[in-house]
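Working notes, beginning with the structure itself.
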Amino acid sequence: MRRPAANLPQEIVDHVVDYLAADDTSTRTDLTRTALVARAWYLPSQRHLYRRQLFGPPIQDFVSRLEWFRGTHGQRVVHHVREVQFWRLDTDEGAFLQYWAAALATFPNVQEVGIHFHDAELQMLQKGDVGVHDPSFPSVTTLRLSNVAFATCRNLLTLIQTLPNLTSVYMDREKWACGELIDRELSRCSGRSAVCSKSPMCINSGPTCNVLALRHLSIDCTEGLDPLECTARHIDMRKLVSLDIALPRGLGCSPAGLVPFLLGVSLPRAPQDHVQALLSSAEALETLVYRLPPHLTHPGPAPSCPRLRHFAIRELRLDLFAPTPDKQKLHCFPGALAAVVSPCLETVDITLGVSEAAQLDHVPWEDVDRVLADAEKFAQLRECAINVAILQVGSQGGGRRRKLGKERHAPRTVTMAEVRAAIVGQLPRLMMQGKVGVYEAEDFTDSTIY
């Protein structure tokens, strides 16, 4: 008797396996079992089983796995690999590029590469070193970096130069040691010429300064402006389609404060001004997202991009805003919306954090309603989405941190229904046009405070 699963059309089999692979509760064992159902189930199951490869310590395991993929059995599935992730391969920082080149050369169809939790300063091998022959991996289009320590921006650019068809870069919590290196040189020498001669920073010459034609960029500047400096100097903003940027609190948080001095770049007084200069040439930008750090109540510079369709302000902490006689409300918030110049704007996405209903009064909603309801300026606007994260307030001190154990489920001081009613009642024009929606935010950073 033939099994019914063996008689299903291939399209249905592919859909079932894809659905199983996308389910967060599924395990690798589940996909292994589906591969044994019938011949038609084997190939789609193998495609998901080997799609993502994660390499971590010890190095001996990394080498042995690469040898298996290069062997007879591994060659049968190597073409299924689309993602390669490197985790904590920082035991020998000088050899990382060798690991990088060896892995990507093994998988000819890989499209996305990630480096995560690389604590050692990422030192790249230079031309002429043993085993380095200008590697190039044209299949890779996406690079993800998380918690990586770079010695200088040159190290990052050396890495990117091996990916000629790169279109997307996502950087989260990168650390730049150039400030420490510069301070070290200052302690040894005096005068600008001595520092510049020994500085490891990238200078306007050489192949490492080629302009990158990226289409999608996510950059984290919460710990300093160094990534932003590197972005402004090495990325062709005219080709950028989407930009997601986490703004810093100020110039003082940058660990490499001498970067402008060494590079001859004059930083403006505020990070927002620098972002504004960065956006001035972004002619093709369609999506712009600002992520705000705590205690920063300015939503960033207003974009003036003719093709901008989606504008988002994330993590605006109303609970941290302290009204003063001179500044009783966040007028900079609707002011930024009023300064947006884009006839193609379709959606505005705003994420707020509140712990009490009274904090909603910090926003001049009547100005928001007046600006976004202007049918002549925003003729294409379809929705203004107000996403609200209701933050819990703990009773202990010691800074902001997540609650643990039973305290994590502390009762809320305000309900989502109250928040929705308060906001909707102050946006009558947008409500009449059917363009406003109030939703509960699901992924607000650090949603519990002390």
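Following the order of the structure tokens, chains are lettered A, B, ..., residues in each are numbered from 1, and ligands are numbered from 1.
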Inset, instruction - May I have the residues within 7 Å of range 344-352 of chain A as a ChimeraX atom specification, using only C-alpha atoms and disregarding those fewer than 4 positions away in the same chain? - result: /A:307-318,378,380-389
Go ahead and save the picked residues with N, CA and C atoms, as a CSV table (one decimal), in the first residue's frame.
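Contents of part-v3.csv, freshly written:
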chain,number,residue,atom,x,y,z
A,307,ARG,N,12.1,60.8,-2.9
A,307,ARG,CA,11.5,59.5,-3.1
A,307,ARG,C,11.1,58.8,-1.8
A,308,LEU,N,11.2,59.5,-0.7
A,308,LEU,CA,11.0,58.9,0.6
A,308,LEU,C,9.5,58.5,0.7
A,309,ARG,N,9.3,57.2,1.0
A,309,ARG,CA,7.9,56.6,1.1
A,309,ARG,C,7.6,56.2,2.5
A,310,HIS,N,8.6,55.8,3.3
A,310,HIS,CA,8.3,55.3,4.7
A,310,HIS,C,9.3,56.0,5.6
A,311,PHE,N,8.7,56.6,6.7
A,311,PHE,CA,9.5,57.4,7.6
A,311,PHE,C,9.1,56.8,9.0
A,312,ALA,N,10.1,56.4,9.8
A,312,ALA,CA,9.8,55.8,11.1
A,312,ALA,C,10.7,56.5,12.2
A,313,ILE,N,10.1,56.7,13.4
A,313,ILE,CA,10.9,57.1,14.6
A,313,ILE,C,10.6,56.1,15.6
A,314,ARG,N,11.6,55.4,16.0
A,314,ARG,CA,11.5,54.3,17.0
A,314,ARG,C,12.0,54.7,18.4
A,315,GLU,N,11.3,54.1,19.4
A,315,GLU,CA,11.8,54.2,20.8
A,315,GLU,C,11.9,55.6,21.3
A,316,LEU,N,10.9,56.4,21.1
A,316,LEU,CA,10.8,57.7,21.7
A,316,LEU,C,10.3,57.6,23.1
A,317,ARG,N,11.1,57.8,24.1
A,317,ARG,CA,10.8,57.6,25.5
A,317,ARG,C,10.1,58.8,26.1
A,318,LEU,N,8.8,58.8,26.1
A,318,LEU,CA,8.1,59.9,26.7
A,318,LEU,C,8.2,59.9,28.2
A,378,PHE,N,1.1,66.0,1.9
A,378,PHE,CA,1.2,64.6,1.9
A,378,PHE,C,0.0,63.9,1.2
A,380,GLN,N,0.0,61.4,-0.8
A,380,GLN,CA,0.1,60.0,-0.9
A,380,GLN,C,0.1,59.3,0.5
A,381,LEU,N,-0.1,60.0,1.6
A,381,LEU,CA,0.0,59.4,2.9
A,381,LEU,C,-1.2,58.5,3.1
A,382,ARG,N,-0.9,57.2,3.5
A,382,ARG,CA,-2.0,56.2,3.7
A,382,ARG,C,-2.2,56.0,5.2
A,383,GLU,N,-1.2,56.0,6.0
A,383,GLU,CA,-1.4,55.7,7.4
A,383,GLU,C,-0.3,56.3,8.3
A,384,CYS,N,-0.7,56.8,9.4
A,384,CYS,CA,0.2,57.2,10.5
A,384,CYS,C,0.0,56.2,11.6
A,385,ALA,N,1.0,55.3,11.8
A,385,ALA,CA,0.9,54.3,12.8
A,385,ALA,C,1.6,54.7,14.1
A,386,ILE,N,0.8,54.8,15.2
A,386,ILE,CA,1.3,55.1,16.5
A,386,ILE,C,1.4,53.9,17.3
A,387,ASN,N,2.7,53.4,17.5
A,387,ASN,CA,2.9,52.2,18.2
A,387,ASN,C,3.4,52.5,19.6
A,388,VAL,N,2.6,52.0,20.6
A,388,VAL,CA,2.9,52.4,22.0
A,388,VAL,C,3.3,51.2,22.8
A,389,ALA,N,4.5,51.4,23.5
A,389,ALA,CA,5.0,50.3,24.4
A,389,ALA,C,4.7,50.8,25.8
Inset, instruction - Identify, on the basis of only C-alpha atoms, every residue whose closest approach to Thr142 in chain A does not exceed 6 Å; exclude the query and any residue fewer than 4 positions from it along the same chain; express the result as a VMD selection string. - result: chain A and resid 112 166 168 to 169
Save out the residues we just selected, N, CA, C and O atoms, as a compact mmCIF listing (two decimals), in the first residue's frame.
# COMPACT_ATOMS: atom_id res chain seq x y z
N GLU A 112 24.30 35.44 2.38
CA GLU A 112 24.36 36.26 3.58
C GLU A 112 25.44 35.75 4.52
O GLU A 112 25.54 34.55 4.76
N LEU A 166 28.12 43.31 -2.76
CA LEU A 166 27.42 43.59 -1.50
C LEU A 166 26.42 44.73 -1.68
O LEU A 166 26.77 45.79 -2.21
N SER A 168 23.74 45.08 1.06
CA SER A 168 23.12 45.36 2.35
C SER A 168 24.13 45.12 3.47
O SER A 168 24.79 44.08 3.49
N VAL A 169 24.22 46.08 4.39
CA VAL A 169 25.09 45.96 5.56
C VAL A 169 24.27 46.32 6.80
O VAL A 169 23.62 47.38 6.83
Pick out the residues sitting within 12 Å of Phe321 in chain A, and hand them over as a short mmCIF file (atom, residue, chain, number, x, y, z; two decimals) with C-alpha atoms, in the first residue's frame; count only C-alpha atoms, and ignore anything fewer than 2 positions along from it in its own chain.
data_model
loop_
_atom_site.label_atom_id
_atom_site.label_comp_id
_atom_site.auth_asym_id
_atom_site.auth_seq_id
_atom_site.Cartn_x
_atom_site.Cartn_y
_atom_site.Cartn_z
CA PRO A 294 17.22 56.81 26.18
CA HIS A 295 17.07 60.43 27.32
CA LEU A 296 17.23 61.71 23.74
CA THR A 297 14.01 63.55 23.07
CA HIS A 298 14.91 65.02 19.68
CA LEU A 316 10.80 57.72 21.69
CA ARG A 317 10.82 57.58 25.51
CA LEU A 318 8.09 59.90 26.74
CA ASP A 319 8.63 58.56 30.25
CA PRO A 323 9.07 69.28 31.01
CA THR A 324 10.59 72.67 31.77
CA LYS A 327 10.05 73.34 26.93
CA GLN A 328 6.77 71.98 28.20
CA LYS A 329 6.12 69.68 25.25
CA LEU A 330 8.05 67.85 22.54
CA LEU A 352 6.45 55.65 21.86
CA GLY A 353 7.25 54.41 25.34
CA VAL A 354 5.05 55.47 28.25
CA SER A 355 4.57 54.28 31.82
CA ALA A 358 -0.24 61.58 31.67
CA GLN A 359 3.01 61.23 29.72
CA LEU A 360 1.04 61.29 26.46
CA ASP A 361 0.47 65.00 27.14
CA HIS A 362 4.18 65.61 26.42
CA VAL A 363 3.36 65.37 22.70
#
Legend entry - Spatial neighbours of Gln426 in chain A, 10 Å, only C-alpha atoms, chain gap at least 5 places, as a ChimeraX atom specification: /A:364-369,421,431
Let's have the selection written as a PDB file, in the first residue's frame, with all heavy atoms.
ATOM      1  N   PRO A 364       2.565  67.372  21.533  1.00  0.00           N
ATOM      2  CA  PRO A 364       1.519  68.279  21.033  1.00  0.00           C
ATOM      3  C   PRO A 364       0.754  67.627  19.880  1.00  0.00           C
ATOM      4  O   PRO A 364       1.027  67.867  18.702  1.00  0.00           O
ATOM      5  CB  PRO A 364       2.307  69.512  20.576  1.00  0.00           C
ATOM      6  CG  PRO A 364       3.662  68.992  20.241  1.00  0.00           C
ATOM      7  CD  PRO A 364       3.916  67.839  21.159  1.00  0.00           C
ATOM      8  N   TRP A 365      -0.207  66.801  20.225  1.00  0.00           N
ATOM      9  CA  TRP A 365      -0.911  66.008  19.226  1.00  0.00           C
ATOM     10  C   TRP A 365      -1.663  66.878  18.222  1.00  0.00           C
ATOM     11  O   TRP A 365      -1.857  66.479  17.070  1.00  0.00           O
ATOM     12  CB  TRP A 365      -1.877  65.049  19.919  1.00  0.00           C
ATOM     13  CG  TRP A 365      -1.196  64.017  20.751  1.00  0.00           C
ATOM     14  CD1 TRP A 365      -1.111  63.963  22.116  1.00  0.00           C
ATOM     15  CD2 TRP A 365      -0.470  62.885  20.269  1.00  0.00           C
ATOM     16  NE1 TRP A 365      -0.388  62.873  22.518  1.00  0.00           N
ATOM     17  CE2 TRP A 365       0.017  62.192  21.405  1.00  0.00           C
ATOM     18  CE3 TRP A 365      -0.175  62.384  19.000  1.00  0.00           C
ATOM     19  CZ2 TRP A 365       0.764  61.024  21.305  1.00  0.00           C
ATOM     20  CZ3 TRP A 365       0.572  61.221  18.899  1.00  0.00           C
ATOM     21  CH2 TRP A 365       1.034  60.550  20.042  1.00  0.00           C
ATOM     22  N   GLU A 366      -2.100  68.051  18.658  1.00  0.00           N
ATOM     23  CA  GLU A 366      -2.819  68.910  17.718  1.00  0.00           C
ATOM     24  C   GLU A 366      -1.919  69.343  16.565  1.00  0.00           C
ATOM     25  O   GLU A 366      -2.383  69.472  15.413  1.00  0.00           O
ATOM     26  CB  GLU A 366      -3.392  70.140  18.439  1.00  0.00           C
ATOM     27  CG  GLU A 366      -2.354  71.065  19.087  1.00  0.00           C
ATOM     28  CD  GLU A 366      -1.866  70.585  20.431  1.00  0.00           C
ATOM     29  OE1 GLU A 366      -2.268  69.472  20.843  1.00  0.00           O
ATOM     30  OE2 GLU A 366      -1.090  71.324  21.091  1.00  0.00           O
ATOM     31  N   ASP A 367      -0.621  69.524  16.839  1.00  0.00           N
ATOM     32  CA  ASP A 367       0.311  69.875  15.771  1.00  0.00           C
ATOM     33  C   ASP A 367       0.570  68.674  14.860  1.00  0.00           C
ATOM     34  O   ASP A 367       0.685  68.827  13.639  1.00  0.00           O
ATOM     35  CB  ASP A 367       1.637  70.369  16.360  1.00  0.00           C
ATOM     36  CG  ASP A 367       1.479  71.693  17.101  1.00  0.00           C
ATOM     37  OD1 ASP A 367       0.478  72.379  16.853  1.00  0.00           O
ATOM     38  OD2 ASP A 367       2.355  72.014  17.933  1.00  0.00           O
ATOM     39  N   VAL A 368       0.670  67.495  15.447  1.00  0.00           N
ATOM     40  CA  VAL A 368       0.847  66.280  14.639  1.00  0.00           C
ATOM     41  C   VAL A 368      -0.343  66.088  13.718  1.00  0.00           C
ATOM     42  O   VAL A 368      -0.196  65.776  12.528  1.00  0.00           O
ATOM     43  CB  VAL A 368       1.020  65.044  15.558  1.00  0.00           C
ATOM     44  CG1 VAL A 368       1.090  63.770  14.741  1.00  0.00           C
ATOM     45  CG2 VAL A 368       2.261  65.196  16.429  1.00  0.00           C
ATOM     46  N   ASP A 369      -1.532  66.300  14.253  1.00  0.00           N
ATOM     47  CA  ASP A 369      -2.753  66.146  13.462  1.00  0.00           C
ATOM     48  C   ASP A 369      -2.794  67.157  12.325  1.00  0.00           C
ATOM     49  O   ASP A 369      -3.156  66.840  11.186  1.00  0.00           O
ATOM     50  CB  ASP A 369      -3.961  66.306  14.382  1.00  0.00           C
ATOM     51  CG  ASP A 369      -5.272  65.974  13.690  1.00  0.00           C
ATOM     52  OD1 ASP A 369      -5.305  64.943  12.983  1.00  0.00           O
ATOM     53  OD2 ASP A 369      -6.244  66.729  13.855  1.00  0.00           O
ATOM     54  N   ALA A 421      -7.557  55.426  23.300  1.00  0.00           N
ATOM     55  CA  ALA A 421      -8.619  56.434  23.372  1.00  0.00           C
ATOM     56  C   ALA A 421      -8.038  57.836  23.525  1.00  0.00           C
ATOM     57  O   ALA A 421      -8.539  58.801  22.924  1.00  0.00           O
ATOM     58  CB  ALA A 421      -9.555  56.110  24.537  1.00  0.00           C
ATOM     59  N   MET A 431      -8.251  60.950  11.927  1.00  0.00           N
ATOM     60  CA  MET A 431      -9.301  59.962  12.120  1.00  0.00           C
ATOM     61  C   MET A 431     -10.391  60.108  11.066  1.00  0.00           C
ATOM     62  O   MET A 431     -10.899  59.116  10.534  1.00  0.00           O
ATOM     63  CB  MET A 431      -9.900  60.101  13.520  1.00  0.00           C
ATOM     64  CG  MET A 431      -9.037  59.521  14.619  1.00  0.00           C
ATOM     65  SD  MET A 431      -8.816  57.726  14.444  1.00  0.00           S
ATOM     66  CE  MET A 431     -10.521  57.180  14.583  1.00  0.00           C
TER      67      MET A 431
END
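CA of His116 in chain A lies 10.2 Å from CA of Met171 in chain A.
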